[in-house]
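Have a look at the structure below, then the notes.
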Amino acid sequence: MDRSGRLLERVGVPLAAVATLGLLVVMFFYPVGTVLAESVRVDGRFSLEIFREILASEFYFGTAAVALSDPAVLVRAFPDYRLGLFGFTAWQALLSTVASVVLGLPGAWILARFEFPGRRTVRSLTALPFVMPTIMVAIGFLATFGREGVVNQVLLAVGLPRLELLGTLQIIVLAHAFYDAPLIARITAAAWEGVDAGMPETARSLGASRLRAFRDVTLPQLLPAILTGALLTFIFSFMSFAIVLALGGLQKATIEVWVFHSVEQLEYGTAAGLAVLEIVFSLALTYAYLQYEARQRASSAARPPARKRLFGRLSADRLAVFAYGAVALVVFVVPIASMVLASLTGPEGFTLRNYAFLVERQAEAYDFQVKPLTAVQNSLLFGVGTLALAVPMGVLLAVVSTRGFRGRKLVDTLAMAPFAVSGVVVGLGLLRGLVFGFEAFGYRFTVSGALAIVGAHAVGAYPFVTRTVAPALAGIDDSMLESARSLGASRTRVLLDVELPIVVPGILAGMAFAFALSIGEFDSTVILATGGSEYTMPVAMNRFRGRRLGPATAMGCVLLAVTAVSFVLIDRLGDGRGLNG
Amino acid sequence: MDRRRFIQAAGAGLAGLAAGCTAEPVDETPTEESGDATPTEGSGDGSSSEGGSTDTATPTGTTRSETPTLRIGTYGSFVDAPSTSPGGWVKEQFESEYDAEIQWFAPEGGMNYFLQRRQQGVTIDTDLYLGLTPENLVTADTGVEGEESLFTSVDTSRLSNVSNVVEDYYFDPQDRAIPFGASYISLVYNQNALDERGVAAPETFEDLASDPYEDGLLVPNPQNSETGLEFLFWTVDQFGEEEYLDYWSRLIDNGTRILQGWSAAYSAYSNDEAPMVVSYSTDQVFADRYDQDMARHQVGFPNDTGYAYLEGMAPFAGTDQMDAAVDFMDFILQPDIQAEVAQRNVALPAVSNAELPSDYDDLVHEPETVVSYGYDELVGNMDTWLNDWSQQVASN
């Protein structure tokens, strides 16, 4: 075993590293680079003019931009500072992050500390919002929080005034929380399950109050996970585009809306310049976070605490759970239920017509039209393919990030780049660099179709795995590894037998979101599938959007059902292998 | 030159390993890039494939007798909409009448996809574009930056019904784009909701910015919706270049919301978020088909005007299927085909001699005065109008 182990170590790890790097270059750095390069090129020459213009523009940077040339404005305009597009984008991302943490943490607490029927299913389904196409969420949100929505009907019935949320900052923040609070709940719950029961118990036996024990003992161990979730939420909300326009409208535009607008206007330089600034901002934040993460040494659970039964005598914490449950019902369940309801109703009331449409399409569509079942098959296939690539990639990069070497933080930060790059720019890069092709050795190579889609999804998804695994890996007690090695275990052995089992809850959480990302991905997929039959469920849903929204909502519900079942299966698979804590 | 021959590059590096990944010999002088029509030296087979099929790599004399494939670029809903789309029917009809095969191609980016290919120096590989708007054409002509046009004109004497094309629908001064369909941008409003407010149907643009219609209008974002863009142009026409931004600030102050695209706006309208939405004057055709409450599908023409949404077609300049392309254009302008396509596309025909069923005519409303910007008015102005407007709306 040791010989093959050593061989694996000497050949396997570098090989995996090279494959990962190769995939990143072909599917990400090269295509994105070709677009970003336009930000420093004006009339074919190198120039920083675009950045100079953006940074000095009141439209993009508000009062801060004016202050560059006229500092007195800071006094004159006080306190009515204009945020500009960047300021507003960061502001709404910050609010979204706070809302997601506030909504996510109690969820993590319940998932980690209570036992109730269906707990694992609920945990599996936390990744569900991630797969939902914008238009679905918009439909669900309008039916829930709209003028005539469920919430308003309840408010009016009890004599409270109507809420007008469409077009407001609140509904954008709420929609971002809908997507990201479950992510925070899931990542934090995974960490919470790793908190050793002994420590808070010891603290309490030494006379600490429950709150004190939580604050001083439990919270520090959860903080890396919470901050990871918060960082991801901030970056996703910062780069948000479609949901902002669908619910907030152009008056609430983010930078990404302008990246898209600039591309449509063929102003690639401006688009690239804005995208570069987005990247710099997101990666600087990531870097700062990684500095913090590296200092943390969370220990892993030798003895996970027992879960409390949710149903029993009424107590303060059980009451809190039910109160949170009511909020979660309104924010997460009602919008999803509204989507399902929308697919089952027409002007005439209850109808199966929209589902009949899907069946009809399956049977009678022309070759060049989209068939629902093909979309389902493709989505699942690409999802599994994405996992096969993204999990090893993500774990590998997490391992790299915990090894000490110079420039490690830089590698670590760059590994997060797929989250920090504008989706519009990635799409444009894939179109130009891969679909149109690149020239080499006298040939023009074009890359599209199934494998390209899987590659693109894997590149977009592996950071989930890296970020959920790295903190757990960093928390492993070094003395444990040293003793294993001193007892003769190879490094690979240590990795497989000691480190991996500890990080499995993290891997599972990462897998769920990687899979969800693949299933829900639209921008890159639609570009790489153009003209072929590799369309996925979100692409099909987009095609079925017509004057009646029914067919699209039915396809959306198929998407929901298929992914819900997949998530439960993925988690059960983990349980079945004894991989679960 | 054989542009459609794909050689599967098995073993030719990473890219070649994947299905859907191809390698094609680089032509020393791709015609698409060089921008002139004269045969270039070194591409001896350049002219021999004209008019014949280029789909096979077999260099035999029999290629000419094979059925040519006409690849037509268009927008998604023409070939694959959930309700009805003309694509399948058109393909069957055409193929039964002509010895040619239609291959539909509807890339996500629409016309911009082809422009981006050109900008990257990649061959277009498509013969014709169907569904070209005046804005598309201006964008395409601006985007090629003085090089050869993306599109070319056809010999109109081969289009037998061209004399019946409605004169007002022409928008290309260089006569590359031939009109093939139209519809009108209009307001769609919910009479029930307006009744509840106790207000009458809106009659003018000023009405939309007035108190009784507060929080009343939803507009698809002109940045990513042709519908919204033409609505914006409509206001430019009504208020003038100097005043339209003022009008919009009043409109926005009155609670008008600009949502992602037509779908987002229309779905918000359907959910009673607002009593009015910017859409099409064919709205009642759908409402009728699905027995919906007509009060919720009233069509309004503010200032008694409507903006004509014009659709044209033109062959790509590099096509090697010019013959088949002209055949297709002749075919789609025939009165009976025009009538059928209009109904399946829920739009209006481009020719005056197409006979539509009377109930269809009743459901499609037409404005007293048609507004529409032609090519010459749009060129040089279009981007400025949109950019100024966008910055004003999104400033915060």
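Naming works like this for the structure tokens: A, B, ... for the chains as they're shown, residue 1 at the start of each chain, ligands 1 onward in shown order.
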When you look at B:Gln93 with a cut-off of 12 Å (counting only C-alpha atoms), what residues show up, excluding the ones that are within fewer than 6 positions of it in the same chain? I need them as a PyMOL selection string.
chain B and resi 86-87+99-102+328+331-332+334+336-337+340-341
Within stretch 38-275 of chain B, find each residue whose DSSP state, derived from the backbone, is strand (DSSP E), and express the selection as a VMD selection string.
chain B and resid 69 to 73 101 to 105 128 to 132 178 to 189 217 to 220 257 to 259
Same residues, C-alpha atoms, output as a short mmCIF file (atom, residue, chain, number, x, y, z; two decimals), in the first residue's frame:
data_model
loop_
_atom_site.label_atom_id
_atom_site.label_comp_id
_atom_site.auth_asym_id
_atom_site.auth_seq_id
_atom_site.Cartn_x
_atom_site.Cartn_y
_atom_site.Cartn_z
CA THR B 69 -28.84 23.84 -46.69
CA LEU B 70 -29.94 27.36 -45.91
CA ARG B 71 -28.92 28.38 -42.42
CA ILE B 72 -31.17 31.16 -41.15
CA GLY B 73 -30.40 33.19 -38.06
CA GLU B 101 -33.32 22.53 -46.46
CA ILE B 102 -33.73 25.13 -43.73
CA GLN B 103 -31.58 25.04 -40.66
CA TRP B 104 -32.77 27.47 -37.98
CA PHE B 105 -30.21 29.08 -35.74
CA LEU B 128 -29.65 34.99 -43.82
CA TYR B 129 -30.98 36.89 -40.85
CA LEU B 130 -34.70 37.03 -40.25
CA GLY B 131 -36.11 39.54 -37.76
CA LEU B 132 -33.74 42.44 -38.27
CA ILE B 178 -36.55 43.80 -46.85
CA PRO B 179 -39.53 44.09 -44.46
CA PHE B 180 -41.20 40.79 -43.58
CA GLY B 181 -43.40 41.68 -40.62
CA ALA B 182 -44.50 44.39 -38.18
CA SER B 183 -46.40 45.04 -35.01
CA TYR B 184 -47.16 48.05 -32.82
CA ILE B 185 -45.82 48.94 -29.41
CA SER B 186 -48.68 50.18 -27.29
CA LEU B 187 -49.96 50.39 -23.76
CA VAL B 188 -51.82 47.43 -22.37
CA TYR B 189 -54.02 48.33 -19.44
CA LEU B 217 -46.95 52.04 -15.40
CA LEU B 218 -44.44 49.24 -15.90
CA VAL B 219 -41.83 49.55 -18.65
CA PRO B 220 -39.47 46.82 -19.89
CA ARG B 257 -41.00 51.25 -12.78
CA ILE B 258 -38.48 49.97 -15.28
CA LEU B 259 -38.16 46.22 -14.97
#
Smallest atom-to-atom distance to A:Ala127: which of A:Ile54, A:Ile139, A:Leu250, A:Ala181, using only C-alpha atoms?
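Smallest separation from A:Ala127 among the options: A:Ala181.
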Would you list, as a compact mmCIF listing (two decimals) with C-alpha atoms, in the first residue's frame, the residues of stretch 160-383 of chain A that end up in alpha helix (DSSP H) under DSSP run on this structure's backbone?
# COMPACT_ATOMS: atom_id res chain seq x y z
CA LEU A 169 -34.29 48.37 -1.96
CA GLN A 170 -36.06 46.17 0.60
CA ILE A 171 -37.30 43.64 -1.92
CA ILE A 172 -33.82 43.35 -3.47
CA VAL A 173 -32.31 42.71 -0.05
CA LEU A 174 -35.02 40.18 0.73
CA ALA A 175 -34.47 38.37 -2.58
CA HIS A 176 -30.71 38.22 -1.97
CA ALA A 177 -31.41 36.84 1.50
CA PHE A 178 -33.70 34.27 -0.08
CA TYR A 179 -30.77 33.05 -2.16
CA ASP A 180 -27.97 33.38 0.39
CA ALA A 181 -29.34 32.94 3.94
CA PRO A 182 -29.70 29.16 3.37
CA LEU A 183 -26.07 29.10 2.24
CA ILE A 184 -24.99 30.73 5.51
CA ALA A 185 -27.24 28.38 7.48
CA ARG A 186 -25.77 25.34 5.77
CA ILE A 187 -22.11 26.30 6.12
CA THR A 188 -22.52 27.41 9.72
CA ALA A 189 -24.48 24.30 10.65
CA ALA A 190 -21.65 22.17 9.29
CA ALA A 191 -19.22 24.03 11.57
CA TRP A 192 -21.59 23.89 14.52
CA GLY A 198 -17.22 19.30 26.13
CA MET A 199 -16.03 22.86 25.76
CA PRO A 200 -19.26 24.80 26.31
CA GLU A 201 -20.13 22.28 29.02
CA THR A 202 -16.86 22.95 30.80
CA ALA A 203 -17.42 26.66 30.53
CA ARG A 204 -20.85 26.32 32.04
CA SER A 205 -19.62 24.09 34.86
CA ARG A 210 -25.41 30.07 28.68
CA LEU A 211 -25.02 33.28 26.74
CA ARG A 212 -21.49 33.71 27.99
CA ALA A 213 -20.59 30.12 27.12
CA LEU A 219 -19.14 31.60 18.67
CA PRO A 220 -15.38 31.87 18.07
CA GLN A 221 -15.46 28.41 16.59
CA LEU A 222 -18.37 29.30 14.33
CA LEU A 223 -17.00 32.63 13.23
CA PRO A 224 -14.86 31.38 10.33
CA ALA A 225 -17.88 29.61 8.85
CA ILE A 226 -20.19 32.57 9.43
CA LEU A 227 -17.71 34.95 7.86
CA THR A 228 -17.15 32.60 4.92
CA GLY A 229 -20.88 32.62 4.33
CA ALA A 230 -21.04 36.37 4.75
CA LEU A 231 -18.16 36.90 2.34
CA LEU A 232 -19.79 34.73 -0.32
CA THR A 233 -23.11 36.49 0.21
CA PHE A 234 -21.52 39.90 -0.10
CA ILE A 235 -19.74 38.98 -3.32
CA PHE A 236 -22.84 37.38 -4.86
CA SER A 237 -24.99 40.37 -3.95
CA PHE A 238 -22.30 42.75 -5.15
CA ALA A 242 -30.90 39.87 -13.07
CA ILE A 243 -32.77 39.81 -9.76
CA ILE A 255 -22.47 47.88 -11.51
CA GLU A 256 -23.18 44.57 -13.18
CA VAL A 257 -26.21 46.13 -14.87
CA TRP A 258 -23.80 48.62 -16.42
CA VAL A 259 -21.36 45.91 -17.45
CA PHE A 260 -24.21 44.31 -19.35
CA HIS A 261 -25.39 47.62 -20.78
CA SER A 262 -21.87 48.47 -21.96
CA VAL A 263 -21.46 45.12 -23.69
CA GLU A 264 -24.79 45.60 -25.46
CA TYR A 268 -16.20 46.67 -24.39
CA GLY A 269 -13.55 48.91 -22.83
CA THR A 270 -15.98 50.35 -20.28
CA ALA A 271 -17.49 46.92 -19.59
CA ALA A 272 -14.03 45.45 -18.98
CA GLY A 273 -12.96 48.41 -16.85
CA LEU A 274 -16.03 48.10 -14.62
CA ALA A 275 -15.51 44.35 -14.37
CA VAL A 276 -11.87 44.82 -13.34
CA LEU A 277 -12.94 47.19 -10.57
CA GLU A 278 -15.53 44.65 -9.40
CA ILE A 279 -12.81 42.00 -9.31
CA VAL A 280 -10.34 44.18 -7.45
CA PHE A 281 -12.96 45.01 -4.85
CA SER A 282 -14.19 41.42 -4.39
CA LEU A 283 -10.72 39.91 -4.28
CA ALA A 284 -9.40 42.55 -1.88
CA LEU A 285 -12.23 41.59 0.44
CA THR A 286 -11.44 37.91 -0.04
CA TYR A 287 -7.78 38.54 0.71
CA ALA A 288 -8.63 40.40 3.90
CA TYR A 289 -10.87 37.56 4.95
CA LEU A 290 -8.21 34.94 4.25
CA GLN A 291 -5.79 36.84 6.46
CA TYR A 292 -8.32 36.44 9.21
CA GLU A 293 -9.11 32.80 8.42
CA ALA A 294 -5.45 31.84 8.57
CA ARG A 295 -5.24 33.03 12.15
CA ALA A 316 -37.78 29.40 25.58
CA ASP A 317 -35.54 27.95 22.89
CA ARG A 318 -38.32 25.84 21.43
CA LEU A 319 -40.47 28.95 21.24
CA ALA A 320 -37.63 30.77 19.49
CA VAL A 321 -37.41 27.94 16.97
CA PHE A 322 -41.10 28.17 16.19
CA ALA A 323 -40.91 31.95 15.84
CA TYR A 324 -38.04 31.58 13.41
CA GLY A 325 -39.97 28.84 11.64
CA ALA A 326 -42.79 31.31 11.01
CA VAL A 327 -40.39 33.85 9.51
CA ALA A 328 -38.69 31.18 7.38
CA VAL A 334 -44.31 30.86 0.63
CA PRO A 335 -42.42 32.17 -2.44
CA ILE A 336 -41.61 28.61 -3.52
CA ALA A 337 -45.16 27.46 -2.86
CA SER A 338 -46.40 30.46 -4.86
CA MET A 339 -44.33 29.38 -7.84
CA VAL A 340 -45.82 25.91 -7.66
CA LEU A 341 -49.27 27.42 -7.35
CA ALA A 342 -48.62 29.72 -10.31
CA SER A 343 -47.80 26.71 -12.48
CA LEU A 344 -51.12 25.10 -11.50
CA ARG A 353 -52.57 22.86 -18.91
CA ASN A 354 -49.01 24.04 -18.30
CA TYR A 355 -47.83 20.54 -17.55
CA ALA A 356 -49.79 19.22 -20.51
CA PHE A 357 -47.76 21.70 -22.56
CA LEU A 358 -44.53 20.08 -21.37
CA VAL A 359 -45.79 16.61 -22.27
CA GLU A 360 -46.95 17.85 -25.66
CA ARG A 361 -43.60 19.50 -26.30
CA GLN A 362 -41.80 16.32 -25.41
CA ALA A 363 -43.90 14.37 -27.91
CA GLU A 364 -44.22 16.82 -30.78
CA PRO A 372 -38.25 19.17 -21.46
CA LEU A 373 -36.92 15.67 -20.86
CA THR A 374 -33.70 16.30 -22.74
CA ALA A 375 -33.22 19.38 -20.58
CA VAL A 376 -33.73 17.33 -17.41
CA GLN A 377 -31.26 14.67 -18.57
CA ASN A 378 -28.66 17.23 -19.59
CA SER A 379 -28.97 19.13 -16.34
CA LEU A 380 -28.46 16.02 -14.24
CA LEU A 381 -25.60 14.82 -16.41
CA PHE A 382 -23.83 18.16 -16.24
CA GLY A 383 -24.51 18.38 -12.51
What lies within 10 Å of A:Met511 using only C-alpha atoms, ignoring chain neighbours under 6 positions off, as an MDAnalysis selection string?
chainID A and resid 127 386:388 390:391 394 461:462 464:465 468 505 517 567 570:571
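Proximity ranking of B:Gly228, B:Pro107, B:Pro134, B:Gly312 relative to chain A places B:Pro107 first, based on only C-alpha atoms.
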Option closest in space to A:Leu125, from A:Thr446, A:Leu111, A:Val40, A:Ala143 [counting only C-alpha atoms]:
A:Leu111
